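Undergrad: First, the structure itself, so that you have it in front of you.
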Amino acid sequence: QVQLVESGGGLVQPGGSLRLACAASGFPFNIMAMMWYRQAPGKEREWVATIASTSSDSTTYVDSVKGRFTISRDNDRETVYLQMNSLKPEDTAVYYCRVHYYGKPYWGKGTLVTVSS
């Protein structure tokens, strides 16, 4: 079955960096677009970034993270990454990866990122 397992979250000071990882299994990873979302305390879940399948590898980002976050993928490891630089307190959230497979969205359980001094 489809499984997504996020890791790499933690506590970081403003201006710091973290790299999140999402290990995937149970579907043809290399042909699927992968996404990162986040949910801040008391707010709705929001889309953060998408990386297309291997055929194009194009990336898109929500405006609030452009120039600071980079999404990438390693098809051999079936893992998608989110490199987060210049972190701000407003980036504090649980970060989730997502894949849409056979008309159904699948989510991991998330990893908590806290940006605070």
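Labels used: A, B, ... for chains in the order of the structure tokens, numbers from 1 for residues in each chain, and numbers from 1 for ligands as shown.
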Considering only C-alpha atoms, return as a VMD selection string whatever protein or nucleic-acid residues lie within 7 Å of Gly9 (chain A), sequence-local ones (same chain, fewer than 3 positions apart) excluded.

TA: chain A and resid 20 111 to 113

Undergrad: Please determine, counting only C-alpha atoms, which residue among A:Ile71, A:Met32, A:Ala40, A:Met84 has the shortest atom-to-atom distance to Val99 (chain A).

TA: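 Residue with the minimum atom-to-atom distance to Val99 (chain A): A:Met32.
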
Undergrad: When you look at Thr79 (chain A) with a cut-off of 6 Å (counting only C-alpha atoms), what residues show up, excluding the ones that are within fewer than 4 positions of it in the same chain? I need them as a CSV table (one decimal) with N, CA, C and O atoms, in the first residue's frame.

TA:
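Result saved to around_9.csv:
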chain,number,residue,atom,x,y,z
A,22,CYS,N,10.9,12.8,2.7
A,22,CYS,CA,9.7,12.0,2.7
A,22,CYS,C,10.0,10.7,1.9
A,22,CYS,O,10.2,10.8,0.7
A,23,ALA,N,10.1,9.6,2.7
A,23,ALA,CA,10.3,8.3,2.1
A,23,ALA,C,9.0,7.7,1.6
A,23,ALA,O,8.1,7.6,2.4
A,24,ALA,N,9.0,7.3,0.3
A,24,ALA,CA,7.7,6.9,-0.3
A,24,ALA,C,7.8,5.4,-0.7
A,24,ALA,O,8.9,4.9,-1.0
A,73,ARG,N,14.0,15.6,-5.6
A,73,ARG,CA,13.6,14.2,-5.5
A,73,ARG,C,14.8,13.4,-5.8
A,73,ARG,O,15.7,13.7,-6.6
A,74,ASP,N,14.8,12.2,-5.2
A,74,ASP,CA,15.8,11.2,-5.5
A,74,ASP,C,15.0,9.9,-5.9
A,74,ASP,O,14.5,9.2,-5.0

Undergrad: Could you state the separation of CA of Val115 (chain A) and CA of Asp91 (chain A) in Å, given to one decimal place?

TA: 6.7 Å

Undergrad: When you count only C-alpha atoms, which of these residues is closest to Ser7 (chain A): A:Pro89, A:Thr59, A:Ala21, A:Glu44?

TA: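 Residue with the minimum atom-to-atom distance to Ser7 (chain A): A:Ala21.
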
Undergrad: Between A:Tyr95, A:Tyr61, A:Tyr106, A:Trp47, which is the closest to Gly26 (chain A) once you count only C-alpha atoms?

TA: A:Tyr106

Undergrad: Determine, counting only C-alpha atoms, which protein, DNA and RNA residues have an atom within 9 Å of an atom of Tyr37 (chain A); residues of the same chain fewer than 4 positions away are not included. Present the result as a compact mmCIF listing (two decimals) with all heavy atoms, in the first residue's frame.

TA:
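Okay, part_32.txt is ready:
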# COMPACT_ATOMS: atom_id res chain seq x y z
N ARG A 45 -4.51 23.66 6.42
CA ARG A 45 -3.35 23.13 5.72
C ARG A 45 -3.18 23.87 4.40
O ARG A 45 -4.16 24.13 3.69
CB ARG A 45 -3.55 21.63 5.46
CG ARG A 45 -2.31 20.88 5.06
CD ARG A 45 -2.53 19.39 5.03
NE ARG A 45 -2.86 18.87 6.36
CZ ARG A 45 -2.94 17.57 6.65
NH1 ARG A 45 -2.72 16.66 5.70
NH2 ARG A 45 -3.24 17.19 7.86
N GLU A 46 -1.93 24.22 4.07
CA GLU A 46 -1.67 24.95 2.84
C GLU A 46 -0.60 24.23 2.02
O GLU A 46 0.34 23.64 2.56
CB GLU A 46 -1.24 26.39 3.11
CG GLU A 46 0.13 26.56 3.73
CD GLU A 46 0.67 27.99 3.67
OE1 GLU A 46 0.10 28.82 2.93
OE2 GLU A 46 1.69 28.24 4.34
N TRP A 47 -0.75 24.32 0.72
CA TRP A 47 0.24 23.79 -0.21
C TRP A 47 1.51 24.62 -0.14
O TRP A 47 1.46 25.86 -0.06
CB TRP A 47 -0.34 23.81 -1.61
CG TRP A 47 0.66 23.57 -2.68
CD1 TRP A 47 1.22 22.39 -3.05
CD2 TRP A 47 1.25 24.56 -3.53
NE1 TRP A 47 2.11 22.57 -4.07
CE2 TRP A 47 2.14 23.90 -4.39
CE3 TRP A 47 1.09 25.94 -3.65
CZ2 TRP A 47 2.89 24.57 -5.35
CZ3 TRP A 47 1.83 26.62 -4.60
CH2 TRP A 47 2.72 25.94 -5.44
N VAL A 48 2.66 23.95 -0.19
CA VAL A 48 3.95 24.64 -0.12
C VAL A 48 4.72 24.52 -1.44
O VAL A 48 5.22 25.52 -1.95
CB VAL A 48 4.81 24.08 1.03
CG1 VAL A 48 6.20 24.69 1.02
CG2 VAL A 48 4.14 24.31 2.37
N ALA A 49 4.84 23.30 -1.96
CA ALA A 49 5.68 23.10 -3.15
C ALA A 49 5.30 21.81 -3.85
O ALA A 49 4.80 20.88 -3.22
CB ALA A 49 7.16 23.07 -2.77
N VAL A 94 3.38 21.82 11.04
CA VAL A 94 3.61 20.41 10.72
C VAL A 94 3.66 20.32 9.20
O VAL A 94 2.76 20.81 8.51
CB VAL A 94 2.50 19.52 11.29
CG1 VAL A 94 2.75 18.06 10.88
CG2 VAL A 94 2.44 19.64 12.80
N TYR A 95 4.73 19.70 8.69
CA TYR A 95 4.93 19.58 7.25
C TYR A 95 4.59 18.16 6.81
O TYR A 95 5.03 17.19 7.42
CB TYR A 95 6.38 19.93 6.90
CG TYR A 95 6.63 21.41 6.93
CD1 TYR A 95 6.71 22.09 8.15
CD2 TYR A 95 6.79 22.15 5.76
CE1 TYR A 95 6.92 23.46 8.19
CE2 TYR A 95 7.01 23.52 5.79
CZ TYR A 95 7.07 24.16 7.00
OH TYR A 95 7.28 25.53 7.04
N TYR A 96 3.81 18.08 5.74
CA TYR A 96 3.33 16.81 5.21
C TYR A 96 3.73 16.66 3.75
O TYR A 96 3.70 17.63 2.99
CB TYR A 96 1.80 16.74 5.25
CG TYR A 96 1.18 16.90 6.61
CD1 TYR A 96 0.86 18.17 7.10
CD2 TYR A 96 0.88 15.79 7.39
CE1 TYR A 96 0.26 18.33 8.35
CE2 TYR A 96 0.28 15.93 8.63
CZ TYR A 96 -0.02 17.20 9.10
OH TYR A 96 -0.61 17.35 10.33
N CYS A 97 4.04 15.45 3.34
CA CYS A 97 4.14 15.21 1.91
C CYS A 97 2.89 14.49 1.44
O CYS A 97 2.17 13.87 2.23
CB CYS A 97 5.41 14.44 1.53
SG CYS A 97 5.52 12.77 2.14
N ARG A 98 2.64 14.64 0.16
CA ARG A 98 1.39 14.14 -0.43
C ARG A 98 1.65 13.65 -1.85
O ARG A 98 2.45 14.21 -2.58
CB ARG A 98 0.35 15.25 -0.46
CG ARG A 98 -0.91 14.89 -1.22
CD ARG A 98 -1.82 16.06 -1.39
NE ARG A 98 -2.83 15.78 -2.40
CZ ARG A 98 -3.78 16.62 -2.76
NH1 ARG A 98 -3.88 17.78 -2.20
NH2 ARG A 98 -4.64 16.27 -3.68
